[in-house]
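Asker: Contents are compact mmCIF, C-alpha atoms; file name final_31.txt:
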```txt
# COMPACT_ATOMS: atom_id res chain seq x y z
CA MET H 5 165.71 109.04 164.20
CA THR H 6 169.41 108.37 164.12
CA ASP H 7 171.59 107.75 161.11
CA SER H 8 172.72 104.41 162.43
CA VAL H 9 172.19 101.32 160.34
CA SER H 10 170.91 98.40 162.36
CA PRO H 11 173.13 95.40 161.61
CA SER H 12 170.19 93.01 162.07
CA ASN H 13 168.18 94.70 159.36
CA GLY H 14 167.42 92.32 156.52
CA GLY H 15 165.51 95.02 154.67
CA SER H 16 166.10 98.10 152.59
CA GLY H 17 169.25 99.14 154.37
CA HIS H 18 168.97 102.45 156.14
CA ASP H 19 166.65 101.56 159.01
CA PRO H 20 165.72 104.64 161.03
CA GLU H 21 165.48 104.30 164.76
CA PHE H 22 163.22 106.82 166.42
CA GLY H 23 164.58 107.77 169.80
CA PRO H 24 162.89 108.84 173.04
CA GLN H 25 163.01 112.53 172.10
CA PHE H 26 161.07 111.97 168.90
CA GLN H 27 158.64 109.67 170.70
CA ALA H 28 157.98 112.38 173.29
CA GLN H 29 157.39 114.94 170.53
CA LEU H 30 155.07 112.55 168.70
CA GLU H 31 153.06 112.20 171.90
CA GLN H 32 152.89 115.99 172.13
CA LEU H 33 151.62 116.08 168.55
CA LEU H 34 148.86 113.60 169.41
CA VAL H 35 147.99 115.52 172.58
CA TRP H 36 147.77 118.89 170.79
CA ARG H 37 146.13 117.74 167.55
CA ARG H 38 142.64 119.22 167.58
CA ASP H 39 139.47 119.22 165.51
CA VAL H 40 139.72 122.90 164.66
CA ARG H 41 136.64 125.03 163.99
CA ARG H 42 138.08 128.51 164.63
CA PHE H 43 140.37 129.50 161.80
CA ARG H 44 142.22 132.62 160.86
CA ARG H 45 141.36 133.69 157.33
CA ASP H 46 144.89 134.16 156.01
CA PRO H 47 145.85 131.65 153.31
CA LEU H 48 148.40 128.88 153.66
CA PRO H 49 151.80 129.59 152.10
CA GLU H 50 152.11 128.65 148.44
CA GLY H 51 152.79 124.94 148.03
CA LEU H 52 152.17 123.90 151.64
CA LEU H 53 148.86 122.13 150.94
CA GLU H 54 150.44 120.09 148.14
CA GLN H 55 153.32 119.19 150.45
CA LEU H 56 150.92 118.00 153.16
CA LEU H 57 148.90 116.01 150.63
CA GLY H 58 152.12 114.38 149.46
CA LEU H 59 152.65 113.15 153.02
CA ALA H 60 149.04 111.95 153.21
CA ASN H 61 149.80 109.84 150.16
CA LEU H 62 152.22 107.81 152.32
CA ALA H 63 149.29 106.43 154.32
CA PRO H 64 148.61 102.70 154.38
CA SER H 65 145.98 101.40 151.99
CA VAL H 66 144.38 98.05 151.38
CA GLY H 67 146.28 96.17 148.66
CA LEU H 68 148.22 99.39 147.97
CA SER H 69 145.09 100.70 146.26
CA GLN H 70 145.59 104.32 147.41
CA PRO H 71 141.84 104.92 146.98
CA TRP H 72 141.77 108.44 148.45
CA ARG H 73 140.45 111.16 146.16
CA PHE H 74 140.75 114.77 147.28
CA VAL H 75 138.58 117.51 145.82
CA ARG H 76 139.98 120.96 146.54
CA VAL H 77 136.95 123.21 146.76
CA LEU H 78 137.86 126.70 145.57
CA SER H 79 134.71 128.05 143.93
CA PRO H 80 132.70 130.38 146.21
CA GLU H 81 129.47 129.01 144.73
CA ARG H 82 130.36 125.44 145.62
CA ARG H 83 131.52 126.50 149.08
CA SER H 84 128.13 128.15 149.62
CA LEU H 85 126.40 124.91 148.65
CA VAL H 86 128.52 123.00 151.16
CA LEU H 87 127.63 125.53 153.86
CA GLU H 88 123.93 125.18 153.03
CA ASN H 89 124.30 121.40 153.19
CA PHE H 90 125.90 121.69 156.63
CA GLU H 91 123.29 124.13 157.94
CA ALA H 92 120.42 121.89 156.83
CA ALA H 93 122.00 118.77 158.34
CA ASN H 94 122.84 120.66 161.52
CA ALA H 95 119.29 121.96 161.91
CA GLU H 96 118.02 118.43 161.51
CA ALA H 97 120.53 117.13 164.05
CA LEU H 98 119.38 119.72 166.57
CA THR H 99 115.93 118.12 166.60
CA ASP H 100 117.50 115.06 168.27
CA TYR H 101 118.03 117.05 171.47
CA SER H 102 115.79 118.87 173.89
CA GLY H 103 116.02 121.17 176.88
CA SER H 104 119.42 122.28 178.07
CA ARG H 105 121.15 119.74 175.84
CA ALA H 106 119.53 121.32 172.77
CA ALA H 107 120.55 124.76 173.99
CA LEU H 108 124.11 123.57 174.43
CA TYR H 109 124.12 121.94 170.98
CA ALA H 110 122.90 125.16 169.40
CA ARG H 111 125.75 127.08 171.04
CA LEU H 112 128.50 124.76 169.77
CA LYS H 113 130.60 125.88 166.86
CA LEU H 114 130.73 122.74 164.75
CA SER H 115 132.49 123.88 161.61
CA GLY H 116 134.87 126.47 160.26
CA LEU H 117 133.23 126.50 156.85
CA ARG H 118 132.86 130.27 156.74
CA GLU H 119 136.46 131.05 157.58
CA ALA H 120 138.78 128.20 156.60
CA PRO H 121 140.98 129.26 153.67
CA GLU H 122 141.41 125.70 152.37
CA GLN H 123 138.62 123.16 152.04
CA LEU H 124 138.85 119.58 150.82
CA ALA H 125 136.10 117.10 150.15
CA VAL H 126 137.50 113.60 150.51
CA PHE H 127 136.12 110.57 148.72
CA ALA H 128 137.05 106.90 148.47
CA GLU H 129 137.23 105.33 145.02
CA THR H 130 134.99 102.29 145.39
CA ALA H 131 136.27 100.29 142.41
CA PRO H 132 139.95 101.16 142.05
CA GLU H 133 142.04 99.25 139.58
CA ALA H 134 145.06 99.69 141.80
CA GLY H 135 145.49 96.88 144.30
CA GLN H 136 143.58 94.48 142.03
CA GLY H 137 141.10 93.78 144.77
CA LEU H 138 143.66 92.45 147.23
CA GLY H 139 142.55 92.52 150.86
CA ARG H 140 139.06 93.84 150.31
CA ARG H 141 136.97 90.95 149.02
CA SER H 142 135.35 90.20 152.38
CA MET H 143 135.68 93.77 153.67
CA PRO H 144 135.16 96.30 150.85
CA GLU H 145 134.83 99.05 153.47
CA THR H 146 138.62 98.89 153.82
CA LEU H 147 138.71 101.33 150.88
CA GLN H 148 137.00 103.94 153.04
CA TYR H 149 139.22 102.94 155.96
CA SER H 150 142.33 103.49 153.84
CA THR H 151 141.02 106.91 152.93
CA VAL H 152 140.59 107.70 156.63
CA CYS H 153 144.25 106.75 157.19
CA ALA H 154 145.21 109.34 154.57
CA ILE H 155 143.01 111.95 156.25
CA HIS H 156 144.55 111.22 159.64
CA THR H 157 148.05 111.41 158.16
CA LEU H 158 147.18 114.79 156.65
CA TRP H 159 145.82 115.89 160.01
CA LEU H 160 149.02 115.09 161.91
CA ALA H 161 151.31 116.48 159.21
CA ALA H 162 149.26 119.68 159.15
CA ARG H 163 149.41 120.08 162.92
CA ALA H 164 153.17 119.54 162.86
CA ALA H 165 153.36 122.43 160.38
CA GLY H 166 151.19 124.61 162.62
CA VAL H 167 148.11 124.18 160.43
CA GLY H 168 144.76 123.24 161.94
CA LEU H 169 142.32 120.77 160.43
CA GLY H 170 138.64 120.30 161.17
CA TRP H 171 136.61 117.30 159.99
CA VAL H 172 133.00 118.19 159.15
CA SER H 173 130.61 115.22 159.07
CA ILE H 174 127.29 116.98 159.63
CA LEU H 175 126.51 116.76 155.93
CA ASP H 176 124.29 114.86 153.52
CA PRO H 177 126.78 112.73 151.53
CA GLU H 178 124.63 112.40 148.39
CA ARG H 179 124.00 116.12 148.27
CA MET H 180 127.77 116.65 148.55
CA ARG H 181 128.40 114.42 145.54
CA HIS H 182 125.76 116.29 143.59
CA ASP H 183 126.88 119.80 144.58
CA LEU H 184 130.52 119.05 143.76
CA ALA H 185 129.57 117.37 140.47
CA VAL H 186 131.34 114.16 141.39
CA ASP H 187 130.18 111.68 138.77
CA GLU H 188 132.76 109.02 139.52
CA PRO H 189 131.89 105.99 141.67
CA TRP H 190 133.33 107.66 144.70
CA CYS H 191 132.03 107.42 148.26
CA PHE H 192 132.02 110.64 150.29
CA VAL H 193 134.11 110.21 153.44
CA ALA H 194 134.81 113.65 154.92
CA TYR H 195 134.88 117.39 154.39
CA LEU H 196 138.01 119.01 155.75
CA CYS H 197 138.66 122.63 156.66
CA LEU H 198 142.29 123.72 156.89
CA GLY H 199 143.98 126.92 157.97
CA TYR H 200 145.89 128.48 160.81
CA PRO H 201 143.98 128.04 164.07
CA GLN H 202 142.97 131.03 166.15
CA GLU H 203 143.81 129.17 169.34
CA ALA H 204 145.78 126.14 170.50
CA HIS H 205 144.41 123.71 173.07
CA ASP H 206 145.42 120.42 174.57
CA ASP H 207 141.80 119.52 175.33
CA PRO H 208 138.92 119.03 172.86
CA GLU H 209 136.44 121.86 172.45
CA LEU H 210 133.54 119.46 173.08
CA GLU H 211 135.03 118.66 176.47
CA ARG H 212 135.72 122.31 177.28
CA GLN H 213 132.14 123.22 176.42
CA GLY H 214 130.71 120.49 178.63
CA TRP H 215 129.34 118.28 175.85
CA GLN H 216 131.36 115.14 176.51
CA ALA H 217 134.26 114.20 178.77
CA ARG H 218 137.03 111.94 177.54
CA ARG H 219 137.33 108.50 178.98
CA ALA H 220 140.47 106.58 179.89
CA PHE H 221 141.69 103.92 177.59
CA GLY H 222 141.20 101.00 179.95
CA GLU H 223 137.46 101.09 179.34
CA SER H 224 138.04 100.23 175.68
CA LEU H 225 140.09 97.07 176.19
CA ILE H 226 138.94 93.52 176.86
CA THR H 227 140.74 90.20 176.64
CA ARG H 228 139.82 86.93 174.97
CA MET N 13 158.61 121.17 169.70
CA THR N 14 160.02 124.08 171.59
CA ASP N 15 159.10 125.23 175.04
CA SER N 16 158.19 128.68 173.83
CA VAL N 17 154.72 129.99 174.53
CA SER N 18 153.20 131.71 171.54
CA PRO N 19 152.01 135.15 172.64
CA SER N 20 149.14 135.03 170.13
CA ASN N 21 147.74 131.85 171.65
CA GLY N 22 144.25 132.37 172.95
CA GLY N 23 144.03 128.78 174.08
CA SER N 24 145.24 126.48 176.81
CA GLY N 25 148.54 128.20 177.31
CA HIS N 26 151.56 126.12 176.48
CA ASP N 27 151.28 125.88 172.69
CA PRO N 28 153.92 123.55 171.26
CA GLU N 29 155.57 124.51 168.01
CA PHE N 30 156.93 121.61 166.03
CA GLY N 31 160.09 122.62 164.24
CA PRO N 32 161.66 121.48 160.98
CA GLN N 33 163.65 118.72 162.65
CA PHE N 34 160.54 117.09 164.07
CA GLN N 35 158.73 117.53 160.78
CA ALA N 36 161.55 115.76 158.95
CA GLN N 37 161.46 112.92 161.48
CA LEU N 38 157.69 112.66 161.16
CA GLU N 39 158.11 112.33 157.40
CA GLN N 40 160.65 109.55 158.02
CA LEU N 41 158.13 107.83 160.25
CA LEU N 42 155.49 107.96 157.51
CA VAL N 43 158.00 106.76 154.92
CA TRP N 44 159.16 103.81 157.03
CA ARG N 45 155.81 102.76 158.50
CA ARG N 46 154.97 99.41 156.94
CA ASP N 47 152.20 96.82 156.95
CA VAL N 48 154.31 94.17 158.63
CA ARG N 49 153.76 90.47 158.00
CA ARG N 50 157.15 89.09 159.06
CA PHE N 51 157.49 89.25 162.84
CA ARG N 52 160.02 88.04 165.32
CA ARG N 53 158.39 85.86 167.96
CA ASP N 54 159.83 87.56 171.04
CA PRO N 55 157.23 89.36 173.15
CA LEU N 56 156.91 93.09 173.59
CA PRO N 57 158.33 94.47 176.85
CA GLU N 58 155.91 94.51 179.76
CA GLY N 59 153.60 97.51 179.60
CA LEU N 60 154.51 98.68 176.10
CA LEU N 61 151.24 97.58 174.48
CA GLU N 62 149.23 99.43 177.12
CA GLN N 63 151.37 102.52 176.58
CA LEU N 64 150.77 102.40 172.82
CA LEU N 65 147.04 101.90 173.33
CA GLY N 66 147.01 104.91 175.62
CA LEU N 67 148.39 106.97 172.73
CA ALA N 68 145.80 105.49 170.35
CA ASN N 69 143.17 106.78 172.76
CA LEU N 70 144.25 110.33 171.82
CA ALA N 71 142.88 109.84 168.30
CA PRO N 72 140.09 112.08 167.03
CA SER N 73 136.57 110.70 167.24
CA VAL N 74 133.19 111.88 166.09
CA GLY N 75 131.49 113.85 168.87
CA LEU N 76 134.24 112.68 171.22
CA SER N 77 132.57 109.28 171.25
CA GLN N 78 135.84 107.29 171.41
CA PRO N 79 134.04 104.30 169.91
CA TRP N 80 137.12 102.08 169.50
CA ARG N 81 137.01 98.73 171.28
CA PHE N 82 140.16 96.63 171.39
CA VAL N 83 140.05 92.90 172.05
CA ARG N 84 143.45 91.53 173.00
CA VAL N 85 143.46 87.97 171.73
CA LEU N 86 145.60 85.80 173.99
CA SER N 87 143.95 82.38 173.95
CA PRO N 88 145.69 79.92 171.56
CA GLU N 89 142.29 78.42 170.70
CA ARG N 90 140.88 81.77 169.63
CA ARG N 91 144.04 82.57 167.69
CA SER N 92 143.65 79.28 165.82
CA LEU N 93 140.09 80.22 164.91
CA VAL N 94 141.28 83.56 163.57
CA LEU N 95 143.94 81.81 161.50
CA GLU N 96 141.31 79.42 160.10
CA ASN N 97 139.09 82.38 159.28
CA PHE N 98 141.96 84.03 157.42
CA GLU N 99 142.91 80.88 155.53
CA ALA N 100 139.33 80.32 154.37
CA ALA N 101 138.90 83.94 153.26
CA ASN N 102 142.30 83.89 151.58
CA ALA N 103 141.52 80.69 149.66
CA GLU N 104 138.29 82.29 148.49
CA ALA N 105 140.11 85.47 147.47
CA LEU N 106 142.57 83.44 145.41
CA THR N 107 139.72 82.31 143.15
CA ASP N 108 139.43 85.91 141.91
CA TYR N 109 142.74 85.59 140.07
CA SER N 110 144.07 83.36 137.32
CA GLY N 111 147.32 82.57 135.56
CA SER N 112 150.48 84.30 136.67
CA ARG N 113 148.52 86.75 138.85
CA ALA N 114 147.06 83.83 140.82
CA ALA N 115 150.52 82.33 141.19
CA LEU N 116 151.83 85.66 142.47
CA TYR N 117 148.90 86.03 144.89
CA ALA N 118 149.55 82.55 146.26
CA ARG N 119 153.19 83.44 146.91
CA LEU N 120 152.41 86.62 148.88
CA LYS N 121 152.69 86.54 152.64
CA LEU N 122 149.54 88.39 153.68
CA SER N 123 149.55 88.00 157.44
CA GLY N 124 151.78 87.39 160.41
CA LEU N 125 149.10 85.51 162.33
CA ARG N 126 151.35 82.53 163.10
CA GLU N 127 154.19 84.58 164.54
CA ALA N 128 153.01 87.92 165.89
CA PRO N 129 153.28 87.93 169.70
CA GLU N 130 150.46 90.45 170.15
CA GLN N 131 147.13 90.34 168.33
CA LEU N 132 144.25 92.75 168.62
CA ALA N 133 140.79 92.55 167.09
CA VAL N 134 139.41 96.05 166.73
CA PHE N 135 135.72 96.89 166.74
CA ALA N 136 133.64 100.05 166.58
CA GLU N 137 130.86 100.50 169.11
CA THR N 138 127.86 101.28 166.89
CA ALA N 139 125.62 102.84 169.53
CA PRO N 140 127.91 104.58 172.01
CA GLU N 141 126.42 106.74 174.70
CA ALA N 142 129.50 108.96 174.60
CA GLY N 143 129.19 111.82 172.15
CA GLN N 144 125.41 111.73 172.41
CA GLY N 145 125.10 111.23 168.69
CA LEU N 146 126.88 114.44 167.77
CA GLY N 147 128.29 114.50 164.25
CA ARG N 148 127.03 111.11 163.13
CA ARG N 149 123.35 111.49 162.38
CA SER N 150 123.79 111.76 158.60
CA MET N 151 127.03 109.71 158.57
CA PRO N 152 126.92 106.91 161.16
CA GLU N 153 129.96 105.35 159.50
CA THR N 154 132.04 108.03 161.21
CA LEU N 155 132.13 105.68 164.22
CA GLN N 156 134.12 103.19 162.16
CA TYR N 157 136.18 106.05 160.75
CA SER N 158 137.04 107.23 164.27
CA THR N 159 138.13 103.70 165.10
CA VAL N 160 140.41 103.72 162.06
CA CYS N 161 141.99 106.95 163.35
CA ALA N 162 142.81 105.13 166.59
CA ILE N 163 144.28 102.20 164.65
CA HIS N 164 146.42 104.53 162.57
CA THR N 165 147.59 106.37 165.69
CA LEU N 166 148.56 103.03 167.24
CA TRP N 167 150.38 102.12 164.03
CA LEU N 168 152.53 105.25 164.03
CA ALA N 169 153.21 105.16 167.77
CA ALA N 170 154.22 101.51 167.45
CA ARG N 171 156.59 102.19 164.57
CA ALA N 172 158.17 105.06 166.50
CA ALA N 173 158.85 102.54 169.29
CA GLY N 174 160.37 100.06 166.83
CA VAL N 175 157.28 97.83 166.86
CA GLY N 176 155.72 96.64 163.62
CA LEU N 177 152.00 96.42 162.95
CA GLY N 178 150.15 94.49 160.27
CA TRP N 179 146.48 95.02 159.43
CA VAL N 180 144.72 91.81 158.39
CA SER N 181 141.48 92.33 156.47
CA ILE N 182 141.18 89.01 154.65
CA LEU N 183 138.64 87.78 157.17
CA ASP N 184 134.94 87.12 157.50
CA PRO N 185 133.76 89.82 159.95
CA GLU N 186 130.73 87.90 161.27
CA ARG N 187 132.80 84.80 161.90
CA MET N 188 135.28 86.97 163.80
CA ARG N 189 132.53 88.29 166.07
CA HIS N 190 131.33 84.76 166.68
CA ASP N 191 134.75 83.23 167.30
CA LEU N 192 135.73 85.98 169.74
CA ALA N 193 132.35 85.79 171.51
CA VAL N 194 131.65 89.47 170.96
CA ASP N 195 128.01 89.86 171.88
CA GLU N 196 128.00 93.63 172.02
CA PRO N 197 126.69 95.70 169.12
CA TRP N 198 130.17 96.18 167.82
CA CYS N 199 131.24 96.30 164.18
CA PHE N 200 134.45 94.48 163.29
CA VAL N 201 136.97 96.91 161.75
CA ALA N 202 140.39 95.27 161.73
CA TYR N 203 142.61 92.53 163.08
CA LEU N 204 146.06 93.74 164.02
CA CYS N 205 149.29 91.80 164.48
CA LEU N 206 152.03 93.48 166.49
CA GLY N 207 155.61 92.58 167.26
CA TYR N 208 159.16 93.39 166.35
CA PRO N 209 159.62 93.19 162.57
CA GLN N 210 162.21 90.89 161.04
CA GLU N 211 163.13 93.51 158.47
CA ALA N 212 162.77 97.23 157.87
CA HIS N 213 161.82 98.65 154.50
CA ASP N 214 160.98 102.02 153.04
CA ASP N 215 158.90 100.45 150.29
CA PRO N 216 155.75 98.32 150.64
CA GLU N 217 156.11 94.57 150.29
CA LEU N 218 153.33 94.51 147.68
CA GLU N 219 155.39 96.86 145.53
CA ARG N 220 158.60 94.90 146.08
CA GLN N 221 156.88 91.69 145.08
CA GLY N 222 155.50 93.20 141.88
CA TRP N 223 151.84 93.20 142.89
CA GLN N 224 151.16 96.95 142.73
CA ALA N 225 153.27 100.06 142.22
CA ARG N 226 152.57 103.22 144.18
CA ARG N 227 151.22 106.21 142.37
CA ALA N 228 152.08 109.86 142.85
CA PHE N 229 149.72 112.04 144.76
CA GLY N 230 148.81 114.35 141.90
CA GLU N 231 146.57 111.67 140.42
CA SER N 232 144.33 111.81 143.49
CA LEU N 233 143.60 115.55 143.44
CA ILE N 234 141.00 117.46 141.47
CA THR N 235 139.64 120.97 141.85
CA ARG N 236 136.09 122.28 141.95
```
Go ahead and render the structure in this file as structure tokens.

Answerer:
Amino acid sequence: MTDSVSPSNGGSGHDPEFGPQFQAQLEQLLVWRRDVRRFRRDPLPEGLLEQLLGLANLAPSVGLSQPWRFVRVLSPERRSLVLENFEAANAEALTDYSGSRAALYARLKLSGLREAPEQLAVFAETAPEAGQGLGRRSMPETLQYSTVCAIHTLWLAARAAGVGLGWVSILDPERMRHDLAVDEPWCFVAYLCLGYPQEAHDDPELERQGWQARRAFGESLITR
Amino acid sequence: MTDSVSPSNGGSGHDPEFGPQFQAQLEQLLVWRRDVRRFRRDPLPEGLLEQLLGLANLAPSVGLSQPWRFVRVLSPERRSLVLENFEAANAEALTDYSGSRAALYARLKLSGLREAPEQLAVFAETAPEAGQGLGRRSMPETLQYSTVCAIHTLWLAARAAGVGLGWVSILDPERMRHDLAVDEPWCFVAYLCLGYPQEAHDDPELERQGWQARRAFGESLITR
């Protein structure tokens, strides 16, 4: 970003231009962002989580509904229930595989639930007043999608601050709502572990462990 | 990012540290990212879209499934069908409002479909081989969520390159699949307009037009 004001800007004035150096660093951030499952146990500095959540709140949302709802899970009892939920869902998932693939699955470390100092359950408000319904009449799932944009924003902001994030999805969503006593009409979207990572990598753990190789982008693009 | 190698890194070696300057610029990027509906008509430079899509391909995905499928819509006939889809869905949405709110809705510019030089329909592959099902047994919607992470990555990378992106969701998803002749088991997630924006703003158009004010993050956080 420079401090220059673009003369062609018909907008709010101070239009930042992001130069090649920032673009290169942003690419590095995307390359080194990871789904972290190996956390150090030391806590985040006071106030950092709130700061990161404030950045997540800048995410785009359908009709400006800002439907993301974050539940900071602090109670050891509730954390134990989440871990039990994960272990049950993970045991069930293991039954989908057999032979060497099952053995590999069983060896994977798929969550940092035992170690991560900060844990957030993330929900989407399914009937928010904010936004007054704009943009979601034919696609109500855009409320969940907006919530995912906030999660991804949090993820990148955390990584930029040296904090790792891991998204746990091997969970029974209804059990999560029950165990966290969420009575509101909220849809469970994700459970996030945050903390300082034990290691840094520029390749995904699932690739390193031989579960799945990444594919090039060209395979995901067609033309009409 | 610095070029220093953290001695405590047990990972892939060259661990980038993102310093305060980058973090401040990243915050600026989040603050100035907008859902753009007012595009200039001039095309993007040759190769830029592919470069941005390559960055989107770095997004996190459940089980490393990379389920995002981008359809670059070039044909004027197909673009007209998308515009008709939008106009029908938008007329239907208008019936949800009355009085001054309906008048305000009717005045809003909710898409840049007539002007945006690049247009992408984004789908999620609902039965990808990649990832071998990992992480999505109890939450299959994580395939769509992964696709949203790719969209949001594209959005930020585009903004960093001075390119605006607008997410159009006022559309009938099944009609979109039909009109774009998508026969694969893909779920429609979003229609994206891209191009250089006419204006830059650090506040959302919906807020500027009096549709919806943003709320502070604290309202979205509870503790358990």

Asker: Can you tell me, as a list in words, what residues are no more than 8 Å from N:Leu106 when counting only C-alpha atoms, ignoring any on the same chain fewer than 6 positions away?

Answerer: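 Counting only the stated atoms, we get Ala114, Tyr117 and Ala118 of chain N.
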
Asker: Adding 6 Å on each side of the box along x, y and z that holds all listed atoms of stretch 206-220 of chain N, could you give its centre and edge lengths in Å to one decimal, as JSON?

Answerer:
```
{"center_x": 157.6, "center_y": 96.5, "center_z": 156.4, "size_x": 23.1, "size_y": 23.1, "size_z": 33.7}
```

Asker: Got a sec to pull out which chain H residues are within 7 Å of chain N, counting only C-alpha atoms, and send them as number ranges by chain?

Answerer: H: 5, 13-16, 19, 21-22, 27, 29, 34-35, 58, 61-62, 68, 72-79, 97, 134-135, 139-143, 149, 152-153, 156, 164-166, 173-176, 184, 203-206, 216, 218, 221, 224-228

Asker: Excluding same-chain residues fewer than 4 positions from H:Arg118, what lies within 10 Å of it counting only C-alpha atoms, as a PDB file with C-alpha atoms, keeping the file's coordinate frame?

Answerer:
```pdb
ATOM      1  CA  ARG H  41     136.640 125.030 163.990  1.00  0.00           C
ATOM      2  CA  ARG H  42     138.080 128.510 164.630  1.00  0.00           C
ATOM      3  CA  PHE H  43     140.370 129.500 161.800  1.00  0.00           C
ATOM      4  CA  ARG H  45     141.360 133.690 157.330  1.00  0.00           C
ATOM      5  CA  ARG H  83     131.520 126.500 149.080  1.00  0.00           C
ATOM      6  CA  SER H  84     128.130 128.150 149.620  1.00  0.00           C
ATOM      7  CA  LEU H  87     127.630 125.530 153.860  1.00  0.00           C
ATOM      8  CA  CYS H 197     138.660 122.630 156.660  1.00  0.00           C
TER       9      CYS H 197
END
```

Asker: Work out how far apart atom CA of N:Leu125 and atom CA of N:Leu177 are and give it in Å to one decimal.

Answerer: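 Going from atom CA of N:Leu125 over to atom CA of N:Leu177, I get 11.3 Å.
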
Asker: Could you check how far atom CA of N:Leu56 sits from atom CA of N:Leu206, in Å to one decimal?

Answerer: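 Interatomic distance here is 8.6 Å.
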
Asker: Would you list the contacts of N:Thr138 as a list in words, taking every protein, DNA or RNA residue within 7 Å and counting only C-alpha atoms, but skipping same-chain residues closer than 4 positions in sequence?

Answerer: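 So, after excluding close chain neighbours, the residues are Leu155, Pro197, Trp198 and Cys199 of chain N.
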
Asker: Atom CA of H:Tyr200 and atom CA of H:Val167 are how many Å apart?

Answerer: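 These atoms are spaced 4.9 Å apart.
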
Asker: Return the single residue from N:Glu127, N:Asp54, N:Glu99, N:Glu196 that is closest to N:Gly178, with distances computed using all atoms listed in the file.

Answerer: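 Going through N:Glu127, N:Asp54, N:Glu99, N:Glu196 one by one, the smallest distance to N:Gly178 is for N:Glu127.
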